[in-house]
$ cat model.cif   # mmCIF, C-alpha atoms
data_structure
loop_
_atom_site.group_PDB
_atom_site.id
_atom_site.type_symbol
_atom_site.label_atom_id
_atom_site.label_comp_id
_atom_site.auth_asym_id
_atom_site.auth_seq_id
_atom_site.Cartn_x
_atom_site.Cartn_y
_atom_site.Cartn_z
ATOM 1 C CA MET A 21 298.965 428.030 -66.688
ATOM 2 C CA THR A 22 301.481 427.236 -69.446
ATOM 3 C CA ALA A 23 304.469 424.973 -68.975
ATOM 4 C CA SER A 24 306.798 428.004 -69.199
ATOM 5 C CA THR A 25 304.887 429.867 -66.470
ATOM 6 C CA SER A 26 304.892 426.781 -64.254
ATOM 7 C CA PHE A 27 308.634 426.358 -64.734
ATOM 8 C CA ASP A 28 309.252 430.032 -63.870
ATOM 9 C CA ALA A 29 307.183 429.631 -60.703
ATOM 10 C CA ILE A 30 309.234 426.612 -59.678
ATOM 11 C CA LEU A 31 312.469 428.534 -60.271
ATOM 12 C CA THR A 32 311.148 431.463 -58.235
ATOM 13 C CA ASP A 33 310.269 429.155 -55.346
ATOM 14 C CA GLU A 34 313.690 427.545 -55.538
ATOM 15 C CA ARG A 35 315.426 430.939 -55.465
ATOM 16 C CA ARG A 36 313.356 432.047 -52.495
ATOM 17 C CA SER A 37 314.142 428.822 -50.662
ATOM 18 C CA ALA A 38 317.852 429.222 -51.439
ATOM 19 C CA MET A 39 317.791 432.823 -50.183
ATOM 20 C CA ARG A 40 316.082 431.771 -46.944
ATOM 21 C CA GLY A 41 318.691 429.079 -46.459
ATOM 22 C CA ALA A 42 321.526 431.525 -47.192
ATOM 23 C CA ARG A 43 320.137 434.039 -44.700
ATOM 24 C CA LEU A 44 319.835 431.338 -42.044
ATOM 25 C CA VAL A 45 323.401 430.150 -42.632
ATOM 26 C CA GLY A 46 324.611 433.767 -42.569
ATOM 27 C CA ALA A 47 322.837 434.371 -39.259
ATOM 28 C CA ILE A 48 324.387 431.207 -37.751
ATOM 29 C CA VAL A 49 327.865 432.243 -38.947
ATOM 30 C CA CYS A 50 327.402 435.717 -37.437
ATOM 31 C CA VAL A 51 326.331 434.247 -34.090
ATOM 32 C CA CYS A 52 329.367 431.932 -34.105
ATOM 33 C CA LEU A 53 331.758 434.795 -34.932
ATOM 34 C CA ILE A 54 330.259 436.995 -32.208
ATOM 35 C CA SER A 55 330.574 434.134 -29.700
ATOM 36 C CA LEU A 56 334.229 433.618 -30.642
ATOM 37 C CA TRP A 57 334.877 437.354 -30.249
ATOM 38 C CA LEU A 58 333.132 437.532 -26.867
ATOM 39 C CA THR A 59 335.211 434.628 -25.546
ATOM 40 C CA GLY A 60 338.487 436.228 -26.631
ATOM 41 C CA PHE A 61 339.335 433.852 -29.467
ATOM 42 C CA PHE A 62 340.488 436.712 -31.719
ATOM 43 C CA ASP A 63 342.845 438.141 -29.071
ATOM 44 C CA ALA A 64 346.128 437.394 -30.869
ATOM 45 C CA LYS A 65 348.207 439.063 -28.146
ATOM 46 C CA ARG A 66 346.955 436.602 -25.573
ATOM 47 C CA PHE A 67 347.940 433.626 -27.731
ATOM 48 C CA VAL A 68 351.398 435.085 -28.343
ATOM 49 C CA GLU A 69 352.001 435.766 -24.642
ATOM 50 C CA SER A 70 350.933 432.219 -23.739
ATOM 51 C CA GLY A 71 353.478 430.672 -26.116
ATOM 52 C CA PRO A 72 356.367 430.280 -23.610
ATOM 53 C CA ALA A 73 354.074 428.727 -20.968
ATOM 54 C CA ILE A 74 352.703 426.246 -23.505
ATOM 55 C CA GLN A 75 356.231 425.326 -24.613
ATOM 56 C CA GLN A 76 357.348 424.756 -21.025
ATOM 57 C CA LEU A 77 354.286 422.648 -20.253
ATOM 58 C CA ALA A 78 354.807 420.561 -23.389
ATOM 59 C CA ALA A 79 358.478 420.038 -22.483
ATOM 60 C CA GLU A 80 357.504 418.795 -19.007
ATOM 61 C CA MET A 81 354.919 416.379 -20.449
ATOM 62 C CA VAL A 82 357.346 414.732 -22.901
ATOM 63 C CA PRO A 83 358.373 411.972 -22.647
ATOM 64 C CA PRO A 84 355.427 410.402 -20.772
ATOM 65 C CA ASP A 85 356.299 408.590 -17.554
ATOM 66 C CA PHE A 86 354.692 405.136 -17.439
ATOM 67 C CA SER A 87 356.638 403.981 -14.356
ATOM 68 C CA ARG A 88 353.421 403.716 -12.282
ATOM 69 C CA TRP A 89 351.328 401.969 -14.954
ATOM 70 C CA ARG A 90 350.527 399.002 -12.690
ATOM 71 C CA SER A 91 348.831 401.292 -10.171
ATOM 72 C CA TRP A 92 346.569 402.640 -12.950
ATOM 73 C CA LEU A 93 345.096 399.267 -13.935
ATOM 74 C CA LYS A 94 342.539 399.081 -11.118
ATOM 75 C CA PRO A 95 341.398 402.725 -11.551
ATOM 76 C CA LEU A 96 340.965 402.093 -15.290
ATOM 77 C CA LEU A 97 338.951 398.959 -14.493
ATOM 78 C CA ASP A 98 336.865 400.988 -12.029
ATOM 79 C CA THR A 99 336.255 403.600 -14.737
ATOM 80 C CA LEU A 100 335.094 400.892 -17.149
ATOM 81 C CA ALA A 101 332.820 399.384 -14.485
ATOM 82 C CA MET A 102 331.375 402.829 -13.727
ATOM 83 C CA SER A 103 330.582 403.408 -17.393
ATOM 84 C CA ILE A 104 328.819 400.045 -17.763
ATOM 85 C CA ALA A 105 326.882 400.342 -14.490
ATOM 86 C CA GLY A 106 325.861 403.939 -15.240
ATOM 87 C CA THR A 107 324.639 402.956 -18.691
ATOM 88 C CA ALA A 108 322.659 399.994 -17.341
ATOM 89 C CA LEU A 109 320.892 402.151 -14.744
ATOM 90 C CA ALA A 110 320.230 404.878 -17.319
ATOM 91 C CA VAL A 111 318.558 402.393 -19.684
ATOM 92 C CA ILE A 112 316.462 400.842 -16.912
ATOM 93 C CA PHE A 113 314.990 404.206 -15.915
ATOM 94 C CA SER A 114 314.991 405.869 -19.345
ATOM 95 C CA LEU A 115 312.801 403.406 -21.228
ATOM 96 C CA PRO A 116 309.653 403.701 -19.054
ATOM 97 C CA LEU A 117 310.096 407.465 -18.826
ATOM 98 C CA ALA A 118 310.505 407.655 -22.609
ATOM 99 C CA LEU A 119 307.217 405.804 -23.100
ATOM 100 C CA LEU A 120 305.545 408.392 -20.865
ATOM 101 C CA ALA A 121 307.315 411.258 -22.676
ATOM 102 C CA ALA A 122 306.317 410.204 -26.207
ATOM 103 C CA PRO A 123 302.959 411.668 -27.302
ATOM 104 C CA ASN A 124 301.864 408.465 -29.044
ATOM 105 C CA THR A 125 302.400 406.255 -25.965
ATOM 106 C CA SER A 126 301.860 408.662 -23.060
ATOM 107 C CA PRO A 127 298.574 408.025 -21.205
ATOM 108 C CA HIS A 128 297.775 411.717 -20.727
ATOM 109 C CA ARG A 129 299.006 415.088 -21.938
ATOM 110 C CA LEU A 130 299.767 416.207 -18.381
ATOM 111 C CA VAL A 131 301.945 413.134 -17.881
ATOM 112 C CA TYR A 132 303.675 413.903 -21.183
ATOM 113 C CA PHE A 133 304.585 417.472 -20.184
ATOM 114 C CA THR A 134 305.573 416.470 -16.633
ATOM 115 C CA VAL A 135 307.969 413.744 -17.759
ATOM 116 C CA ARG A 136 309.395 415.942 -20.527
ATOM 117 C CA THR A 137 310.115 418.628 -17.939
ATOM 118 C CA LEU A 138 311.750 416.070 -15.644
ATOM 119 C CA LEU A 139 313.998 414.814 -18.455
ATOM 120 C CA ALA A 140 314.970 418.386 -19.357
ATOM 121 C CA PHE A 141 315.875 419.080 -15.723
ATOM 122 C CA LEU A 142 318.006 415.947 -15.387
ATOM 123 C CA ARG A 143 320.057 416.652 -18.501
ATOM 124 C CA SER A 144 320.508 420.305 -17.546
ATOM 125 C CA VAL A 145 322.583 419.386 -14.467
ATOM 126 C CA PRO A 146 326.182 418.456 -15.473
ATOM 127 C CA GLU A 147 327.595 415.124 -14.317
ATOM 128 C CA ILE A 148 330.408 416.891 -12.474
ATOM 129 C CA ILE A 149 327.883 418.743 -10.273
ATOM 130 C CA LEU A 150 325.943 415.553 -9.626
ATOM 131 C CA GLY A 151 329.225 413.837 -8.824
ATOM 132 C CA VAL A 152 330.055 416.434 -6.170
ATOM 133 C CA LEU A 153 326.581 416.093 -4.658
ATOM 134 C CA PHE A 154 326.687 412.297 -4.570
ATOM 135 C CA VAL A 155 330.220 412.288 -3.125
ATOM 136 C CA ALA A 156 328.889 414.474 -0.305
ATOM 137 C CA ALA A 157 325.887 412.153 0.121
ATOM 138 C CA VAL A 158 327.376 408.642 -0.128
ATOM 139 C CA GLY A 159 331.115 409.227 0.205
ATOM 140 C CA PHE A 160 334.105 408.719 -2.080
ATOM 141 C CA GLY A 161 334.433 405.848 -4.529
ATOM 142 C CA ALA A 162 332.837 404.570 -7.703
ATOM 143 C CA LEU A 163 329.233 404.591 -6.412
ATOM 144 C CA PRO A 164 328.719 408.379 -6.594
ATOM 145 C CA GLY A 165 330.168 408.329 -10.101
ATOM 146 C CA VAL A 166 327.730 405.645 -11.208
ATOM 147 C CA LEU A 167 324.774 407.536 -9.714
ATOM 148 C CA ALA A 168 325.863 410.815 -11.317
ATOM 149 C CA LEU A 169 326.291 409.232 -14.751
ATOM 150 C CA ALA A 170 322.982 407.394 -14.549
ATOM 151 C CA LEU A 171 320.935 410.362 -13.330
ATOM 152 C CA HIS A 172 322.279 412.776 -15.933
ATOM 153 C CA SER A 173 321.963 410.218 -18.713
ATOM 154 C CA VAL A 174 318.337 409.458 -17.875
ATOM 155 C CA GLY A 175 317.568 412.986 -19.060
ATOM 156 C CA MET A 176 319.517 412.599 -22.295
ATOM 157 C CA VAL A 177 318.823 408.951 -23.114
ATOM 158 C CA GLY A 178 315.148 409.324 -22.171
ATOM 159 C CA LYS A 179 314.860 412.248 -24.610
ATOM 160 C CA PHE A 180 316.446 410.273 -27.463
ATOM 161 C CA TYR A 181 314.322 407.205 -26.699
ATOM 162 C CA ALA A 182 311.143 409.334 -26.599
ATOM 163 C CA GLU A 183 311.943 410.970 -29.942
ATOM 164 C CA ALA A 184 312.548 407.566 -31.538
ATOM 165 C CA ILE A 185 309.226 406.283 -30.166
ATOM 166 C CA GLU A 186 307.449 409.446 -31.290
ATOM 167 C CA HIS A 187 308.431 408.876 -34.931
ATOM 168 C CA VAL A 188 307.389 405.235 -35.290
ATOM 169 C CA ASP A 189 305.002 404.226 -38.051
ATOM 170 C CA PRO A 190 301.508 404.679 -36.538
ATOM 171 C CA LYS A 191 299.870 401.972 -38.680
ATOM 172 C CA PRO A 192 301.063 398.958 -36.609
ATOM 173 C CA LEU A 193 299.900 400.750 -33.452
ATOM 174 C CA GLU A 194 296.459 401.411 -34.933
ATOM 175 C CA ALA A 195 296.186 397.813 -36.144
ATOM 176 C CA ALA A 196 297.120 396.431 -32.733
ATOM 177 C CA ARG A 197 294.604 398.666 -30.952
ATOM 178 C CA ALA A 198 291.894 397.774 -33.479
ATOM 179 C CA ALA A 199 292.567 394.110 -32.729
ATOM 180 C CA GLY A 200 291.879 394.766 -29.035
ATOM 181 C CA ALA A 201 295.476 394.771 -27.774
ATOM 182 C CA THR A 202 296.195 396.359 -24.427
ATOM 183 C CA GLN A 203 298.558 399.326 -24.153
ATOM 184 C CA ALA A 204 301.312 397.055 -22.880
ATOM 185 C CA GLN A 205 300.815 394.700 -25.842
ATOM 186 C CA VAL A 206 300.852 397.629 -28.265
ATOM 187 C CA ILE A 207 304.172 398.809 -26.837
ATOM 188 C CA LEU A 208 305.676 395.325 -26.764
ATOM 189 C CA HIS A 209 304.584 394.187 -30.245
ATOM 190 C CA ALA A 210 304.099 397.395 -32.273
ATOM 191 C CA VAL A 211 306.399 400.046 -30.788
ATOM 192 C CA LEU A 212 309.556 398.357 -29.486
ATOM 193 C CA PRO A 213 310.262 396.246 -32.605
ATOM 194 C CA GLN A 214 310.334 399.462 -34.671
ATOM 195 C CA VAL A 215 312.622 401.457 -32.387
ATOM 196 C CA LEU A 216 314.960 398.737 -31.120
ATOM 197 C CA PRO A 217 317.778 399.556 -33.601
ATOM 198 C CA GLN A 218 317.688 403.260 -32.674
ATOM 199 C CA LEU A 219 317.568 402.472 -28.962
ATOM 200 C CA THR A 220 320.554 400.163 -29.355
ATOM 201 C CA ASP A 221 322.580 402.845 -31.145
ATOM 202 C CA VAL A 222 321.763 405.438 -28.478
ATOM 203 C CA THR A 223 322.633 403.024 -25.665
ATOM 204 C CA ILE A 224 325.998 402.041 -27.126
ATOM 205 C CA TYR A 225 326.868 405.658 -27.900
ATOM 206 C CA ARG A 226 326.004 406.629 -24.343
ATOM 207 C CA TRP A 227 328.217 403.866 -22.962
ATOM 208 C CA GLU A 228 331.124 405.185 -25.033
ATOM 209 C CA TYR A 229 330.433 408.655 -23.684
ATOM 210 C CA HIS A 230 330.173 407.369 -20.121
ATOM 211 C CA PHE A 231 333.712 406.017 -20.193
ATOM 212 C CA ARG A 232 335.078 409.462 -21.030
ATOM 213 C CA ALA A 233 332.803 411.121 -18.463
ATOM 214 C CA SER A 234 333.832 408.592 -15.795
ATOM 215 C CA ALA A 235 337.438 409.686 -16.163
ATOM 216 C CA VAL A 236 336.394 413.282 -15.457
ATOM 217 C CA LEU A 237 334.219 412.333 -12.474
ATOM 218 C CA GLY A 238 337.221 410.806 -10.753
ATOM 219 C CA ILE A 239 338.571 414.336 -10.372
ATOM 220 C CA VAL A 240 335.856 415.142 -7.803
ATOM 221 C CA GLY A 241 336.502 411.977 -5.805
ATOM 222 C CA ALA A 242 334.138 409.634 -7.646
ATOM 223 C CA GLY A 243 336.824 407.007 -8.171
ATOM 224 C CA GLY A 244 338.417 405.768 -11.356
ATOM 225 C CA ILE A 245 341.421 406.965 -13.310
ATOM 226 C CA GLY A 246 340.401 410.602 -12.892
ATOM 227 C CA PHE A 247 341.521 410.426 -9.258
ATOM 228 C CA GLU A 248 345.019 409.423 -10.397
ATOM 229 C CA LEU A 249 344.957 412.189 -12.997
ATOM 230 C CA ILE A 250 344.108 414.952 -10.533
ATOM 231 C CA ALA A 251 346.714 413.610 -8.075
ATOM 232 C CA ALA A 252 349.430 413.868 -10.744
ATOM 233 C CA LEU A 253 348.278 417.380 -11.635
ATOM 234 C CA ARG A 254 348.409 418.525 -8.013
ATOM 235 C CA LEU A 255 351.977 417.210 -7.688
ATOM 236 C CA LEU A 256 352.916 418.906 -11.011
ATOM 237 C CA ASN A 257 354.010 415.540 -12.424
ATOM 238 C CA TYR A 258 353.136 416.495 -15.969
ATOM 239 C CA ASP A 259 355.043 413.569 -17.465
ATOM 240 C CA GLN A 260 352.708 411.238 -15.551
ATOM 241 C CA VAL A 261 349.733 413.352 -16.595
ATOM 242 C CA SER A 262 350.574 412.799 -20.255
ATOM 243 C CA ALA A 263 351.042 409.068 -19.603
ATOM 244 C CA ILE A 264 347.642 408.821 -17.903
ATOM 245 C CA LEU A 265 346.025 410.755 -20.754
ATOM 246 C CA LEU A 266 347.560 408.327 -23.256
ATOM 247 C CA ALA A 267 346.261 405.394 -21.207
ATOM 248 C CA ILE A 268 342.780 406.935 -21.197
ATOM 249 C CA LEU A 269 343.049 407.482 -24.965
ATOM 250 C CA ALA A 270 343.944 403.827 -25.525
ATOM 251 C CA CYS A 271 340.951 402.732 -23.439
ATOM 252 C CA VAL A 272 338.626 405.131 -25.250
ATOM 253 C CA ILE A 273 339.737 403.717 -28.610
ATOM 254 C CA ALA A 274 339.153 400.179 -27.294
ATOM 255 C CA VAL A 275 335.679 401.091 -25.984
ATOM 256 C CA ASP A 276 334.773 402.780 -29.283
ATOM 257 C CA SER A 277 335.906 399.681 -31.196
ATOM 258 C CA ILE A 278 333.800 397.432 -28.964
ATOM 259 C CA GLY A 279 330.841 399.772 -29.498
ATOM 260 C CA ALA A 280 331.256 399.602 -33.283
ATOM 261 C CA PHE A 281 331.452 395.784 -33.090
ATOM 262 C CA LEU A 282 328.262 395.621 -31.004
ATOM 263 C CA ARG A 283 326.435 397.878 -33.468
ATOM 264 C CA ARG A 284 327.321 395.566 -36.347
ATOM 265 C CA LYS A 285 326.256 392.451 -34.430
ATOM 266 C CA LEU A 286 322.991 393.875 -33.109
ATOM 267 C CA LYS A 287 321.712 395.251 -36.428
#

$ encode --input "model.cif" --output "structure tokens"
Amino acid sequence: MTASTSFDAILTDERRSAMRGARLVGAIVCVCLISLWLTGFFDAKRFVESGPAIQQLAAEMVPPDFSRWRSWLKPLLDTLAMSIAGTALAVIFSLPLALLAAPNTSPHRLVYFTVRTLLAFLRSVPEIILGVLFVAAVGFGALPGVLALALHSVGMVGKFYAEAIEHVDPKPLEAARAAGATQAQVILHAVLPQVLPQLTDVTIYRWEYHFRASAVLGIVGAGGIGFELIAALRLLNYDQVSAILLAILACVIAVDSIGAFLRRKLK
């Protein structure tokens, strides 16, 4: 094969690859457009008719009413505590499940598929549904919120942990096993040192997410600032609603900043 023929073959492969990529992108765009159409996004009349209601709502929300800000401090603290406690429980249960759900550390293929199915089930149930169930089971307060956050996050965090473990370099594992290390020693000395940065990133991200989710869980009686938010909504105090939303925004920014600081320090 001459150099010219080889070059033409490379160009042909590149064109075919580009066409496949273009078709895939086109298919994704079509699916997105169809989804927007099915959900009524292109119904201009509906947007126009909703204009006066949106203007009235915006007028009632401005300026925000911070007169009750002292009564929001404890619910905000409860929301922060819920996010930290939920994250801690999620990590405690996710790590052993992730080791069982990763093909290179799972003891048996049946265990692998069983734990993978369990993780998929846990992340398929929204926190709000779990919050309602736990409120019915253990009563109102922060505890059902913590349990709902932790249980849902085990499914998500466990999946991310398992994928990180699955893609570790196999050479240190093989060397440790060849040296006669037990499975626990292999995990402790060959697996965890490789995945610790990824696990840290996932954990901190999940904590940031948990703070936002905790605010929503308060709506169903799981404590926190969400309880104050739904109370203001029920009383149609939209100026207080906007104030509470701004307070939540300030806390979210603070939590995100702390998360970024922890990432830098733990790398």

$ resolve_selection --input "model.cif" --expression "the PyMOL selection byres ((chain A and resi 255-271) around 12)" --output "CSV table (one decimal) with C-alpha atoms, keeping the file's coordinate frame"
chain,number,residue,atom,x,y,z
A,76,GLN,CA,357.3,424.8,-21.0
A,77,LEU,CA,354.3,422.6,-20.3
A,78,ALA,CA,354.8,420.6,-23.4
A,79,ALA,CA,358.5,420.0,-22.5
A,80,GLU,CA,357.5,418.8,-19.0
A,81,MET,CA,354.9,416.4,-20.4
A,82,VAL,CA,357.3,414.7,-22.9
A,83,PRO,CA,358.4,412.0,-22.6
A,84,PRO,CA,355.4,410.4,-20.8
A,85,ASP,CA,356.3,408.6,-17.6
A,86,PHE,CA,354.7,405.1,-17.4
A,87,SER,CA,356.6,404.0,-14.4
A,88,ARG,CA,353.4,403.7,-12.3
A,89,TRP,CA,351.3,402.0,-15.0
A,90,ARG,CA,350.5,399.0,-12.7
A,91,SER,CA,348.8,401.3,-10.2
A,92,TRP,CA,346.6,402.6,-13.0
A,93,LEU,CA,345.1,399.3,-13.9
A,95,PRO,CA,341.4,402.7,-11.6
A,96,LEU,CA,341.0,402.1,-15.3
A,97,LEU,CA,339.0,399.0,-14.5
A,99,THR,CA,336.3,403.6,-14.7
A,100,LEU,CA,335.1,400.9,-17.1
A,228,GLU,CA,331.1,405.2,-25.0
A,231,PHE,CA,333.7,406.0,-20.2
A,232,ARG,CA,335.1,409.5,-21.0
A,233,ALA,CA,332.8,411.1,-18.5
A,234,SER,CA,333.8,408.6,-15.8
A,235,ALA,CA,337.4,409.7,-16.2
A,236,VAL,CA,336.4,413.3,-15.5
A,244,GLY,CA,338.4,405.8,-11.4
A,245,ILE,CA,341.4,407.0,-13.3
A,246,GLY,CA,340.4,410.6,-12.9
A,247,PHE,CA,341.5,410.4,-9.3
A,248,GLU,CA,345.0,409.4,-10.4
A,249,LEU,CA,345.0,412.2,-13.0
A,250,ILE,CA,344.1,415.0,-10.5
A,251,ALA,CA,346.7,413.6,-8.1
A,252,ALA,CA,349.4,413.9,-10.7
A,253,LEU,CA,348.3,417.4,-11.6
A,254,ARG,CA,348.4,418.5,-8.0
A,272,VAL,CA,338.6,405.1,-25.2
A,273,ILE,CA,339.7,403.7,-28.6
A,274,ALA,CA,339.2,400.2,-27.3
A,275,VAL,CA,335.7,401.1,-26.0
A,276,ASP,CA,334.8,402.8,-29.3
A,277,SER,CA,335.9,399.7,-31.2
A,278,ILE,CA,333.8,397.4,-29.0

$ closest_atom_pairs --input "model.cif" --of "segment 171-225 of chain A" --to "segment 136-146 of chain A" --cutoff "7 Å" --atoms "only C-alpha atoms" --output "tab-separated table"
residue	atom	partner	partner_atom	distance
A:Leu171	CA	A:Leu142	CA	6.6
A:His172	CA	A:Arg143	CA	5.2
A:Ser173	CA	A:Arg143	CA	6.7
A:Val174	CA	A:Leu139	CA	6.9
A:Gly175	CA	A:Leu139	CA	4.1
A:Met176	CA	A:Arg143	CA	5.6
A:Gly178	CA	A:Leu139	CA	6.7
A:Lys179	CA	A:Leu139	CA	6.7

$ resolve_selection --input "model.cif" --expression "the PyMOL selection byres ((chain A and resi 180) around 12)" --output "count of residues only"
35

$ axis_aligned_box --input "model.cif" --around "segment 88-99 of chain A" --padding-each-side "3 Å" --output "lines of an AutoDock Vina configuration file"
center_x = 344.8
center_y = 401.3
center_z = -12.7
size_x = 23.2
size_y = 10.8
size_z = 11.1

$ atom_distance --input "model.cif" --atom1 "atom CA of Ala101 of chain A" --atom2 "atom CA of Leu163 of chain A"
10.3 Å

$ residues_around --input "model.cif" --residues "Ala204 of chain A" --least-positions-apart "5" --cutoff "12 Å" --atoms "all atoms listed in the file" --output "PyMOL selection string"
chain A and resi 116+119+125-127+193+196-197+209-212

$ write_last_selection --input "model.cif" --atoms "C-alpha atoms" --output "mmCIF file, in the frame of the given file"
data_model
loop_
_atom_site.group_PDB
_atom_site.id
_atom_site.type_symbol
_atom_site.label_atom_id
_atom_site.label_comp_id
_atom_site.auth_asym_id
_atom_site.auth_seq_id
_atom_site.Cartn_x
_atom_site.Cartn_y
_atom_site.Cartn_z
ATOM 1 C CA PRO A 116 309.653 403.701 -19.054
ATOM 2 C CA LEU A 119 307.217 405.804 -23.100
ATOM 3 C CA THR A 125 302.400 406.255 -25.965
ATOM 4 C CA SER A 126 301.860 408.662 -23.060
ATOM 5 C CA PRO A 127 298.574 408.025 -21.205
ATOM 6 C CA LEU A 193 299.900 400.750 -33.452
ATOM 7 C CA ALA A 196 297.120 396.431 -32.733
ATOM 8 C CA ARG A 197 294.604 398.666 -30.952
ATOM 9 C CA HIS A 209 304.584 394.187 -30.245
ATOM 10 C CA ALA A 210 304.099 397.395 -32.273
ATOM 11 C CA VAL A 211 306.399 400.046 -30.788
ATOM 12 C CA LEU A 212 309.556 398.357 -29.486
#

$ atom_distance --input "model.cif" --atom1 "atom CA of Val51 of chain A" --atom2 "atom CA of Ala38 of chain A"
20.0 Å

$ atom_distance --input "model.cif" --atom1 "atom CA of Gln205 of chain A" --atom2 "atom CA of Leu130 of chain A"
22.8 Å

$ residues_around --input "model.cif" --residues "Ile149 of chain A" --least-positions-apart "5" --cutoff "10 Å" --atoms "all atoms listed in the file" --output "MDAnalysis selection string"
chainID A and resid 154:155 168 172 237 240

$ write_last_selection --input "model.cif" --atoms "C-alpha atoms" --output "mmCIF file, in the frame of the given file"
data_model
loop_
_atom_site.group_PDB
_atom_site.id
_atom_site.type_symbol
_atom_site.label_atom_id
_atom_site.label_comp_id
_atom_site.auth_asym_id
_atom_site.auth_seq_id
_atom_site.Cartn_x
_atom_site.Cartn_y
_atom_site.Cartn_z
ATOM 1 C CA PHE A 154 326.687 412.297 -4.570
ATOM 2 C CA VAL A 155 330.220 412.288 -3.125
ATOM 3 C CA ALA A 168 325.863 410.815 -11.317
ATOM 4 C CA HIS A 172 322.279 412.776 -15.933
ATOM 5 C CA LEU A 237 334.219 412.333 -12.474
ATOM 6 C CA VAL A 240 335.856 415.142 -7.803
#
